Structures are given as C-alpha cells and as structure tokens.
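Report on the following structure.
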Amino acid sequence: NFNQEKLPNWLKRRADVTPDRIALEFEDKAYTFIDLHLRVLETAGRLSGQGMKKGDRVALLIGSHPDSVIIIHACFYVGLEIVMLNSRLTNKELIWQIRDAQPGWILTEAAFTLKAEELGEKIPNVPVFFKEELNRLEKVPNFQALDEFSLQDTATIMYTSGTSGKPKGVIQTYGNHWWSAVGSVLNLGLREEDCWLCSVPIFHISGFSILMRNVIYGIRVILLESFKEKEVNQAIKERSVTIVSVVTAMLNRMIAELQDENYPESFRCMLLGGGPAPLHLLEECIQRGIPVYQTYGMTETSSQIVTLAPEYSINKIGSAGKPLFPSQLKIEVEGREAVPGEAGEIAVAGPNVTPGYLNRKEETVQAIRNGWLFTGDIGYLDEEGFLYVIDRRSDLIISGGENVYPAEIEAVLAKHPAIFEAGVTGMEDEKWGKVPVAFVVLKPGAALSEADAIAHCRELLASYKVPKKILFCSELPRNSSNKLLRRELKEILENKL
Ligand code: ATP
Ligand code: MG
C-alpha cells in the first residue's frame, strides 16, 4: 500500500532546505518559506493552547489570504483534520456540512462575522473562533510541531460541489495530497523559476492543491483574494507567473480582457479543468499560442488525475489526455472494459484517490470497487488511449433507446451567435420515454425564435438529439462553483408543465 509510509512535515522540511526562497506573494507582501514556518509555528502553538490535539477536527471558514495559508499549515503542524468550508454557501448548506463532519471547532475570520454568528447560534456545541483573536489566545509553552505526516492519516475533508446531488464529504489523506502533487509535477515538470498563480478558491481542491505543491515543490505562489481577469492577466504579464489553474468561465473572461495582446514566453501552462471545455475556446487558445493543458479531476482524486500534454493540444483537441504517471484509467460498460471509441463510465485508480466518503459507507462501497473509483462520469478512450469526457451519467437522457448527452446539445446551442449559454435536461415523453429540452440565455440585445434555435440544432445534430422545446430565460441555475445545475432545470420544467 502506497499510503502506509511517513514523510517529514512538508513546510518544516521546506523551510529547512530552502528557507529564503519566496513562498507566497499577496498584494504587496512576500513571505519566504522560513517566514511562513515561523508564523505557522506560532499559530499552531495557539491552536494547541485551546486544547486542539492530533486527530481532532476543525472546520475552516476562511478566504484566500496568507493568514489562511498559515492556518492550514498550523493545523497540519498540530495534526488536526481540516474541514474546508466553502464560504459562498448559504448558512443552511454550511450547517448541514458542519453537522455531517462534526468538527470540534470552527475557525473563521472577521469578514464572515455575520455568517459565523448565526452558525454559533444554530450549532451551539461547536465553538467559533476568529483568526483575529488568535493572537490573544494562550500559547502552549514549548509547542512541538509534528515531525512526520503519516500518509494514511486524514489531512482534509472536502465536500464535493453538489452538482449532481447533496455534497459528499471526501476524505483526503496526506498521501492523497502528496501523490497528487507528485503526479502533477511528473507531467508538467518543475523549473526553478516556476510560479503558480492561485485565483481559484482554496476551499476547493483546485486551489488547495496549489498550496500543497507550493511547499512540496518549493515554488513561489501568488495568491489572489478572488478571480479578476484583469489582475490575473497583469500578474501573468508582469510578475513572471508560469502556471495558472482555471475553469472555462475564467479563461473566457481572461481572453476577452487580453484583447489582441499575448502572454509572455515564460508563461508555460494554463491548466484548464473542472468541467467541459468547449472546442471553440480551445481552438482560440491554439490560435493565440496560449499553452492550454486540459485536465480532468475531482475532489475524490485530490485534483488532476488525467491531463493532456500540450504537444497533443492540436491532434487531440477536446481530449482530457492520459492518466498522470502514478494513476490508472479505464472505461467500463456493463461490467466489462469498453473498446476504443465506446462510451462508458470512467473509472480511475491511484494513490491520489480518496479512501472514501465521510459517514457514507454505502456510497463509498458503491463508488470504490476493487481499488477503482467509479466516477459517475461518462467518457471514452480513443485508439491511443486518450480520454474524452462526455458528461455525467446522472444527466444522461435515454430517448427511444438512444443515449443523448446534454453537454453535446449545449455546446451546439452555444455556437449560435445569438446564444450566450444553454442548459439541457430530459422531459418525459409518451412516445420516446424522454426527450431533450433546452433552456437558452440570449446574448444582450440578441433575438432568436424557438423555431430558429431548433433549426440550428437540426443542422448540427441527429434528429433524436434535437431539443423538442426551447425555453428562453435570463440565467441558468448554477452552484457556487459556477457549475450548471441540470437537476434544477428538471424541477423548473416539472413546475412549468
Ligand atoms: P458532486 O459530486 O457533488 O455532484 P461535482 O462532481 O461537481 O459535485 P467536483 O469534485 O468539484 O464536484 O467536480 C468534479 C467533476 O467535474 C467531475 O466528476 C466531472 O463531472 C467534472 N469535470 C472535471 N473535469 C472535467 C473535464 N475536463 N471535462 C468534463 N467534466 C469535468
Ligand atoms: Mg462529483
């Protein structure tokens, strides 16, 4: 088992080997690894002074700033399991997660006072601390940081985005984070001048994994409080950023802001994941010479598990690539392995894959079988083993015995010049069982009739994939990760009919 071993405490080791390298930049402040270590030690001593000890669980409701990075490592120094709370959630959602994860404490910051106060009232047995008060708390004299991390120990509990249902608490071990960082670097390589820009939330694995690579690789990270395309572009152009993690919606806005300028040669990787990437966007990146690495991953795989190297970005456009070195990938159809080109459920294995869901034995047993995680996503491999992700299995529409994937129809609709975005779901139909129905948001000032939208689809799609109905709306339901909630489209439809 890969995850039986121990490793030295990551930041402590990093501060020992390369103490004076810049670890973190935020606004006009910079921190070296030794700076970080000393601050972390101080904070860990205070957490410990509150009675927090190895194996205890603490929930963090914090934004993207250096303090948060310090708090995360301080929890690791004490050996606390971190529950990363998503600050964009409603209190109702947060309360559900806190009751599910049962942390001993909630550690938050003044920016979330209102939220935190209500949490304190509704869940009185979980004390709430503010990071601003930490300095006033008692420190443990001679606090000793953990010297080693056991790879099988839980480092974090992170809830999935809740796109297909209720979020599930994913257990991520130290080994999962370690191997995720190793798998990524064996693909992307490591250069002395590397600098990873983090403008994705650190409560998601996309941002959190950058903080892990930061200390494991010893690279500089520039942290932004939130995503702003102008700031991101500026950092790439002026602050020698070499790698950025983005999702489609971010990349769209960055390209628009960039206008006809280019990124510098030193910028070497635009890591694009989190959801489907439309072909026209990838084509535009190729044209502009933006080095896009498409990637596929999820909370359960502690970030990327399949990534496309840029030398394939033209030949294999639209593919998420091949599994990272320590990981494996297969496609299953009715208990057997699919042949090339045949769509089935994507299954992955590797040391970065979660041991399971918190408090969800049944879901864990269903998802992880014989060491393989069944992702619930549908995809296929081409003859050369490149993965193409199609859609989520739960969103599949079976119409007259044919499989219809909403993502394909949405991409076709989004190509129409009058359409800003589209969402597709299935509707009951006497004759076909189910038929696709589309929700369409038009671009500002644009006009389009239902008949014209359907005619556009007819040109580009087989007839059974053409939506039977088009409903125009002003926006689509999305969750806090900006993912389209097709299950809510279904509800809207049911209420309308
Ligand atoms: P929940 O599991 O609660 O429904 P979620 O799956 O959206 O939420 P995440 O772990 O944040 O939660 O997202 C991972 C999912 O995002 C993948 O399982 C997949 O459906 C989608 N995804 C990630 N990368 C890609 C990609 N390159 N192409 C298509 N879909 C992707
Ligand atoms: Mg999921």
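Identifiers for the structure tokens are assigned positionally: chains receive A, B, ... in sequence, residues are indexed from 1 per chain, and ligands are indexed from 1 in the order shown.
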**OP:** Name the residues in contact with range 27-40 of chain A at a cut-off of 12 Å, using only C-alpha atoms, excluding same-chain residues fewer than 5 positions from it; report them as JSON, numbers by chain.
**Re:** {"A": [9, 10, 11, 12, 13, 14, 15, 16, 17, 18, 19, 20, 21, 22, 45, 46, 47, 48, 64, 65, 66, 67, 68, 69, 70, 71, 72, 73, 74, 75, 76, 77, 78, 134, 135, 143, 144, 145, 214, 215, 216, 217, 218, 219, 220, 221, 222, 223, 224, 225, 226, 231, 235, 239]}
**OP:** Taking only C-alpha atoms and all ligand atoms into account, report as number ranges by chain which residues have an atom no farther than 10 Å from an atom of ligand 2.
**Re:** A: 159-168, 170, 297-300, 375-377, 392
Next, dump the selected residues to file, keeping only N, CA, C and O atoms, as a tab-separated table (two decimals), in the first residue's frame.
chain	number	residue	atom	x	y	z
A	159	TYR	N	-15.92	18.89	0.80
A	159	TYR	CA	-17.21	18.49	0.23
A	159	TYR	C	-17.21	18.69	-1.28
A	159	TYR	O	-16.64	19.66	-1.78
A	160	THR	N	-17.83	17.74	-1.98
A	160	THR	CA	-17.95	17.87	-3.44
A	160	THR	C	-18.85	19.07	-3.73
A	160	THR	O	-19.52	19.60	-2.84
A	161	SER	N	-18.88	19.48	-4.99
A	161	SER	CA	-19.59	20.71	-5.34
A	161	SER	C	-21.11	20.58	-5.25
A	161	SER	O	-21.82	21.57	-5.32
A	162	GLY	N	-21.63	19.37	-5.12
A	162	GLY	CA	-23.07	19.19	-5.04
A	162	GLY	C	-23.77	19.47	-6.36
A	162	GLY	O	-24.88	19.99	-6.39
A	163	THR	N	-23.11	19.13	-7.45
A	163	THR	CA	-23.69	19.38	-8.77
A	163	THR	C	-24.76	18.35	-9.08
A	163	THR	O	-25.80	18.66	-9.64
A	164	SER	N	-24.50	17.10	-8.69
A	164	SER	CA	-25.44	16.05	-9.05
A	164	SER	C	-26.37	15.68	-7.89
A	164	SER	O	-27.29	14.90	-8.06
A	165	GLY	N	-26.15	16.22	-6.72
A	165	GLY	CA	-27.00	15.90	-5.58
A	165	GLY	C	-26.45	16.61	-4.36
A	165	GLY	O	-25.79	17.63	-4.50
A	166	LYS	N	-26.69	16.05	-3.19
A	166	LYS	CA	-26.14	16.66	-1.98
A	166	LYS	C	-24.62	16.49	-1.98
A	166	LYS	O	-24.11	15.46	-2.41
A	167	PRO	N	-23.88	17.50	-1.52
A	167	PRO	CA	-22.42	17.35	-1.46
A	167	PRO	C	-22.04	16.18	-0.55
A	167	PRO	O	-22.74	15.91	0.43
A	168	LYS	N	-20.94	15.52	-0.88
A	168	LYS	CA	-20.45	14.43	-0.04
A	168	LYS	C	-19.10	14.84	0.51
A	168	LYS	O	-18.29	15.44	-0.21
A	170	VAL	N	-15.51	14.30	1.20
A	170	VAL	CA	-14.47	13.42	0.68
A	170	VAL	C	-13.29	13.43	1.65
A	170	VAL	O	-12.80	14.50	2.01
A	297	GLY	N	-10.41	15.95	-13.35
A	297	GLY	CA	-10.18	15.52	-11.97
A	297	GLY	C	-11.39	15.86	-11.14
A	297	GLY	O	-12.38	16.39	-11.65
A	298	MET	N	-11.32	15.54	-9.87
A	298	MET	CA	-12.46	15.80	-8.99
A	298	MET	C	-11.97	15.82	-7.55
A	298	MET	O	-10.83	15.44	-7.27
A	299	THR	N	-12.85	16.22	-6.65
A	299	THR	CA	-12.50	16.26	-5.24
A	299	THR	C	-11.97	14.90	-4.80
A	299	THR	O	-11.00	14.81	-4.05
A	300	GLU	N	-12.58	13.85	-5.31
A	300	GLU	CA	-12.22	12.48	-4.92
A	300	GLU	C	-10.82	12.08	-5.37
A	300	GLU	O	-10.27	11.09	-4.90
A	375	THR	N	-16.45	7.03	-11.29
A	375	THR	CA	-16.60	8.48	-11.14
A	375	THR	C	-18.01	8.99	-11.37
A	375	THR	O	-18.31	10.13	-11.02
A	376	GLY	N	-18.85	8.18	-12.02
A	376	GLY	CA	-20.18	8.70	-12.38
A	376	GLY	C	-20.13	9.58	-13.62
A	376	GLY	O	-21.14	10.14	-14.03
A	377	ASP	N	-18.95	9.70	-14.21
A	377	ASP	CA	-18.83	10.45	-15.47
A	377	ASP	C	-18.74	9.47	-16.63
A	377	ASP	O	-18.19	8.38	-16.49
A	392	ARG	N	-21.97	13.73	-17.30
A	392	ARG	CA	-22.26	12.95	-16.10
A	392	ARG	C	-23.31	11.90	-16.40
A	392	ARG	O	-24.30	12.20	-17.07
**OP:** Write out as a list in words each polymer residue whose atoms come within 9 Å of Glu132 in chain A, counting only C-alpha atoms; drop sequence neighbours fewer than 5 positions from it.
**Re:** Thr108, Glu109 and Ala110 of chain A
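When only C-alpha atoms and all ligand atoms are used to compute distances to ligand 1, the closest of the residues A:Ile492, A:Leu272, A:Ile409, A:Ile331 turns out to be A:Leu272.
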**OP:** Find, counting only C-alpha atoms, the residue in A:Asp56, A:Glu25, A:Asp260, A:Glu459 that gets nearest to Val241 in chain A.
**Re:**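 Using only C-alpha atoms, Val241 in chain A sits closest to A:Glu25.
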Original post:
Which of these, A:Ala23, A:Ile123, A:Val83, A:Ala418, has the shortest distance to Lys443 in chain A once you count only C-alpha atoms?
Top reply: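 Closest residue, counting only C-alpha atoms: A:Ala418.
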**OP:** May I have the residues within 9 Å of Met254 in chain A as number ranges by chain, using only C-alpha atoms and disregarding those fewer than 3 positions away in the same chain?
**Re:** A: 228-230, 232-233, 249-251, 257-259
N, CA, C and O atoms of the current selection, written as a CSV table (one decimal), in the first residue's frame:
chain,number,residue,atom,x,y,z
A,228,LYS,N,-10.1,37.9,-10.7
A,228,LYS,CA,-10.4,39.1,-11.5
A,228,LYS,C,-9.5,39.0,-12.7
A,228,LYS,O,-8.3,39.0,-12.6
A,229,GLU,N,-10.2,38.9,-13.9
A,229,GLU,CA,-9.4,38.6,-15.1
A,229,GLU,C,-8.3,39.6,-15.3
A,229,GLU,O,-7.2,39.3,-15.8
A,230,LYS,N,-8.5,40.9,-15.0
A,230,LYS,CA,-7.5,41.9,-15.3
A,230,LYS,C,-6.3,41.7,-14.4
A,230,LYS,O,-5.1,41.7,-14.9
A,232,VAL,N,-5.4,38.8,-13.0
A,232,VAL,CA,-4.7,37.6,-13.4
A,232,VAL,C,-3.8,37.9,-14.6
A,232,VAL,O,-2.6,37.5,-14.6
A,233,ASN,N,-4.4,38.5,-15.6
A,233,ASN,CA,-3.6,38.8,-16.8
A,233,ASN,C,-2.4,39.7,-16.5
A,233,ASN,O,-1.3,39.4,-17.0
A,249,ALA,N,-15.0,29.3,-17.6
A,249,ALA,CA,-15.6,30.6,-17.5
A,249,ALA,C,-14.5,31.6,-17.2
A,249,ALA,O,-14.6,32.8,-17.6
A,250,MET,N,-13.5,31.3,-16.4
A,250,MET,CA,-12.4,32.2,-16.1
A,250,MET,C,-11.6,32.4,-17.4
A,250,MET,O,-11.3,33.6,-17.7
A,251,LEU,N,-11.3,31.4,-18.1
A,251,LEU,CA,-10.4,31.5,-19.3
A,251,LEU,C,-11.1,32.4,-20.3
A,251,LEU,O,-10.5,33.2,-21.0
A,257,GLU,N,-10.4,39.9,-21.9
A,257,GLU,CA,-9.7,41.0,-21.3
A,257,GLU,C,-8.3,41.3,-22.0
A,257,GLU,O,-7.8,42.4,-22.1
A,258,LEU,N,-7.7,40.2,-22.5
A,258,LEU,CA,-6.4,40.2,-23.1
A,258,LEU,C,-6.4,41.0,-24.4
A,258,LEU,O,-5.4,41.5,-24.9
A,259,GLN,N,-7.6,41.0,-25.0
A,259,GLN,CA,-7.8,41.6,-26.4
A,259,GLN,C,-6.8,41.0,-27.3
A,259,GLN,O,-6.7,39.8,-27.4
**OP:** Could you pull out the residues in range 151-209 of chain A that DSSP calls alpha helix (DSSP H) from the backbone, as a list in words?
**Re:** Tyr174, Gly175, Asn176, His177, Trp178, Trp179, Ser180, Ala181, Val182, Gly183, Ser184, Val185, Leu186, Asn187, Leu188, Ile205, Ser206, Gly207, Phe208 and Ser209 of chain A
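Proximity ranking of A:Gln328, A:Asn315, A:Ser302, A:Ser394 relative to Glu345 in chain A places A:Ser394 first, based on only C-alpha atoms.
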**OP:** Please report, as a PyMOL selection string, each residue of range 202-344 of chain A to which DSSP assigns strand (DSSP E or B) when run on this structure's backbone.
**Re:** chain A and resi 220-223+243-246+269-272+292-298+303-307+321-323+328-333+336-337+344
**OP:** Quote the spacing between CA of Ala349 in chain A and CA of Ser327 in chain A in Å to one decimal place.
**Re:**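 Between these atoms lies a distance of 5.7 Å.
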Subject >> Nearest to ligand 1 by atom-to-atom distance, counting only C-alpha atoms and all ligand atoms, from A:Lys434, A:Arg393, A:Arg336, A:Lys330 >> reply: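 Closest residue, counting only C-alpha atoms and all ligand atoms: A:Arg393.
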**OP:** With a distance cut-off of 12 Å and only C-alpha atoms, select the neighbouring residues of Leu489 in chain A, excluding the residue or stretch itself and same-chain residues fewer than 3 positions from it, and output the selection as a ChimeraX atom specification.
**Re:** /A:395,406,422-427,436-440,471,473,475-478,484-486,492-496
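Between CA of Tyr263 in chain A and CA of Gly207 in chain A lies a distance of 22.0 Å.
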Subject >> Selected residue of minimal separation from Ala411 in chain A among A:Ile286, A:Leu119, A:Leu279, A:Ile368, counting only C-alpha atoms >> reply: A:Leu279
**OP:** With a distance cut-off of 12 Å and only C-alpha atoms, select the neighbouring residues of Ser463 in chain A, excluding the residue or stretch itself and same-chain residues fewer than 2 positions from it, and output the selection as a PyMOL selection string.
**Re:** chain A and resi 399-400+402+404+409+435-436+454-461+465-468
Subject >> Within 7 Å of Val244 in chain A using only C-alpha atoms, minus same-chain residues under 2 positions, as a list of chain:residue names >> reply: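 Final neighbour list, sorted by chain and number: A:Trp196, A:Leu197, A:Cys198, A:Val246, A:Cys269, A:Met270, A:Leu271.
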**OP:** Grab the CA of Leu7 in chain A to CA of Leu85 in chain A distance for me, in Å with one decimal place.
**Re:** 26.6 Å
